[in-house]
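Participant: One file is attached below, query_34.tsv, containing TSV, C-alpha atoms.
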chain	number	residue	atom	x	y	z
A	1	MET	CA	151.19	-55.72	224.13
A	2	SER	CA	149.48	-54.30	227.14
A	3	ASP	CA	145.78	-54.11	227.86
A	4	ARG	CA	146.24	-51.34	230.43
A	5	ALA	CA	145.06	-47.80	229.74
A	6	GLU	CA	147.39	-45.80	227.57
A	7	PRO	CA	149.23	-43.02	229.42
A	8	ASP	CA	149.09	-39.43	228.24
A	9	ARG	CA	151.89	-39.45	225.64
A	10	SER	CA	152.13	-35.65	225.63
A	11	THR	CA	154.06	-35.74	228.94
A	12	ALA	CA	155.17	-39.36	229.38
A	13	PRO	CA	158.32	-40.62	227.65
A	14	GLU	CA	157.92	-43.47	225.20
A	15	PRO	CA	158.66	-46.81	226.84
A	16	ALA	CA	161.83	-48.51	225.66
A	17	VAL	CA	161.15	-51.89	224.05
A	18	GLN	CA	163.70	-54.56	223.21
A	19	ARG	CA	162.87	-57.72	221.27
A	20	SER	CA	164.82	-60.89	220.61
A	21	ALA	CA	164.23	-64.35	219.16
A	22	VAL	CA	164.69	-67.22	221.63
A	23	THR	CA	164.04	-70.95	221.71
A	24	ALA	CA	162.32	-72.02	224.92
A	25	PRO	CA	164.25	-74.32	227.27
A	26	PRO	CA	163.05	-77.90	227.86
A	27	GLY	CA	159.69	-77.64	229.61
A	28	GLY	CA	158.96	-74.27	228.01
A	29	VAL	CA	158.25	-70.96	229.71
A	30	MET	CA	155.28	-70.15	231.96
A	31	THR	CA	152.91	-67.38	230.96
A	32	ASP	CA	150.12	-65.78	232.95
A	33	GLU	CA	147.48	-66.16	230.24
A	34	VAL	CA	147.94	-69.62	228.70
A	35	GLY	CA	150.37	-71.52	230.91
A	36	VAL	CA	153.47	-73.11	229.38
A	37	ILE	CA	154.54	-72.32	225.82
A	38	THR	CA	157.40	-74.01	223.99
A	39	GLY	CA	159.40	-73.76	220.80
A	40	ASP	CA	160.59	-70.73	218.89
A	41	LEU	CA	159.50	-67.55	220.65
A	42	GLU	CA	159.99	-63.82	220.61
A	43	LEU	CA	160.91	-62.13	223.89
A	44	ALA	CA	160.06	-58.47	224.48
A	45	THR	CA	160.92	-56.31	227.46
A	46	GLU	CA	159.26	-52.93	227.88
A	47	CYS	CA	160.75	-50.39	230.30
A	48	ALA	CA	158.84	-47.25	231.31
A	49	ASP	CA	160.14	-45.16	234.22
A	50	GLY	CA	162.11	-48.18	235.44
A	51	ASP	CA	159.09	-50.52	235.45
A	52	VAL	CA	159.82	-53.53	233.25
A	53	THR	CA	157.13	-55.73	231.73
A	54	VAL	CA	158.23	-58.99	230.08
A	55	TRP	CA	156.29	-60.49	227.17
A	56	VAL	CA	156.67	-63.60	224.99
A	57	ARG	CA	154.88	-64.83	221.89
A	58	TYR	CA	155.25	-67.65	219.44
A	59	ALA	CA	157.57	-66.61	216.60
A	60	GLY	CA	155.45	-64.93	213.93
A	61	ALA	CA	152.28	-64.81	216.06
A	62	ALA	CA	150.30	-61.67	216.86
A	63	GLU	CA	149.31	-62.35	220.47
A	64	TRP	CA	151.70	-61.56	223.34
A	65	TYR	CA	151.66	-63.24	226.77
A	66	ARG	CA	153.14	-62.03	230.06
A	67	LEU	CA	156.07	-64.11	231.26
A	68	SER	CA	155.04	-65.23	234.76
A	69	ALA	CA	156.80	-63.52	237.69
A	70	ALA	CA	159.25	-61.71	235.39
A	71	ASP	CA	158.12	-58.08	235.74
A	72	CYS	CA	160.35	-55.92	237.92
A	73	HIS	CA	161.46	-52.39	238.71
A	74	LEU	CA	164.93	-51.14	237.78
A	75	HIS	CA	166.51	-48.47	239.95
A	76	ASP	CA	168.36	-47.29	236.86
A	77	PRO	CA	166.46	-47.62	233.55
A	78	ARG	CA	169.82	-47.81	231.78
A	79	ASP	CA	169.98	-51.41	233.06
A	80	HIS	CA	167.12	-52.39	230.73
A	81	GLU	CA	169.43	-53.78	228.06
A	82	ALA	CA	171.42	-55.82	230.63
A	83	LEU	CA	168.19	-57.28	232.05
A	84	HIS	CA	166.93	-58.13	228.56
A	85	ASN	CA	170.25	-59.86	227.75
A	86	ALA	CA	170.11	-61.83	231.04
A	87	LEU	CA	166.62	-63.07	230.15
A	88	ILE	CA	167.88	-64.16	226.73
A	89	ALA	CA	170.72	-66.07	228.40
A	90	VAL	CA	168.29	-67.89	230.69
A	91	LEU	CA	165.50	-68.55	228.18
A	92	ASN	CA	167.31	-69.26	224.91
A	93	ARG	CA	168.02	-73.02	224.79
A	94	PRO	CA	168.10	-74.22	221.18
A	95	ALA	CA	168.45	-77.97	220.68
A	96	GLY	CA	171.81	-79.45	219.88
Now that the file is in, can you turn its structure into structure tokens?

Facilitator:
Amino acid sequence: MSDRAEPDRSTAPEPAVQRSAVTAPPGGVMTDEVGVITGDLELATECADGDVTVWVRYAGAAEWYRLSAADCHLHDPRDHEALHNALIAVLNRPAG
């Protein structure tokens, strides 16, 4: 997902990743790389040492995009799941 340099895994803990299927709300979601994307998406949040990176991709696609202005730092990494669930609640807007 990330194009940043890989940390030394011998000392760094594995980042926690959560993934969920969502349907973009009307107007879609804004990404840093390609602008607005719409439709059926996959949301992924990655938490490493409290730093959260938020990614989306079209369902079934290989390429991930950063969700604009969504990255944050958690004071308690145990809040990762709650943050992920809040993003699902905001972003998942299936028709009908």

Participant: With all atoms listed in the file as the basis for distance, which of A:Gly50, A:Ala44, A:Leu67, A:Ala61 is at the shortest distance from Thr31 of chain A?

Facilitator: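 Residue with the minimum atom-to-atom distance to Thr31 of chain A: A:Leu67.
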
Participant: Kindly indicate which residue among A:Tyr58, A:Asn92, A:Gln18, A:Arg78 lies nearest to Ile37 of chain A, using all atoms listed in the file for the distances.

Facilitator: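 For Ile37 of chain A, the nearest of the given residues is A:Tyr58.
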
Participant: Can you tell me which residues surround Val17 of chain A at a distance of at most 10 Å, considering all atoms listed in the file, apart from same-chain residues fewer than 3 positions away, and format the answer as a compact mmCIF listing (two decimals) with C-alpha atoms, in the coordinates of the input?

Facilitator:
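Okay, around.txt is ready:
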# COMPACT_ATOMS: atom_id res chain seq x y z
CA GLU A 14 157.92 -43.47 225.20
CA ALA A 44 160.06 -58.47 224.48
CA THR A 45 160.92 -56.31 227.46
CA GLU A 46 159.26 -52.93 227.88
CA CYS A 47 160.75 -50.39 230.30
CA ALA A 48 158.84 -47.25 231.31
CA VAL A 52 159.82 -53.53 233.25
CA THR A 53 157.13 -55.73 231.73
CA VAL A 54 158.23 -58.99 230.08
CA HIS A 80 167.12 -52.39 230.73
CA GLU A 81 169.43 -53.78 228.06
CA HIS A 84 166.93 -58.13 228.56

Participant: Choose the residue, out of A:Asn85, A:Asp79, A:Gly39, A:Val34, that has the smallest atom-to-atom separation from Glu63 of chain A; count all atoms listed in the file.

Facilitator: A:Val34

Participant: Quick one: everything within 6 Å of Leu41 of chain A, counting all atoms listed in the file, minus sequence neighbours fewer than 6 positions away in the same chain. Send it as an MDAnalysis selection string.

Facilitator: chainID A and resid 21:23 57:59

Participant: Please, which residues are within 12 Å of (153.1, -72.5, 231.1) by the file's coordinates, counting all atoms listed in the file, and could they come as a list in words?

Facilitator: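 Within 12 Å of (153.1, -72.5, 231.1), the protein and nucleic acid residues are Ala24, Pro25, Pro26, Gly27, Gly28, Val29, Met30, Thr31, Asp32, Glu33, Val34, Gly35, Val36, Ile37, Thr38, Val56, Tyr65, Arg66, Leu67, Ser68 and Ala69 of chain A.
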
Participant: Which residue, A:Asp40, A:Ser20, A:Leu83, A:Ile88, has the smallest gap to Asp71 of chain A when you use only C-alpha atoms?

Facilitator: A:Leu83

Participant: Atom CA of Pro15 of chain A to atom CA of Ala89 of chain A: how many Å, to one decimal?

Facilitator: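 Value for the atom CA of Pro15 of chain A-atom CA of Ala89 of chain A distance: 22.8 Å.
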
Participant: Between A:Ala16, A:Gly60, A:Asp49, A:Ala70, which residue has the minimum interatomic distance to Ala86 of chain A, considering all atoms listed in the file?

Facilitator: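 Looking only at the distances to Ala86 of chain A, the closest residue turns out to be A:Ala70.
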
Participant: Expressed in Å to a single decimal, how great is the separation between atom CA of Leu91 of chain A and atom CA of Glu42 of chain A?

Facilitator: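 Computing the Euclidean distance for atom CA of Leu91 of chain A and atom CA of Glu42 of chain A yields 10.5 Å.
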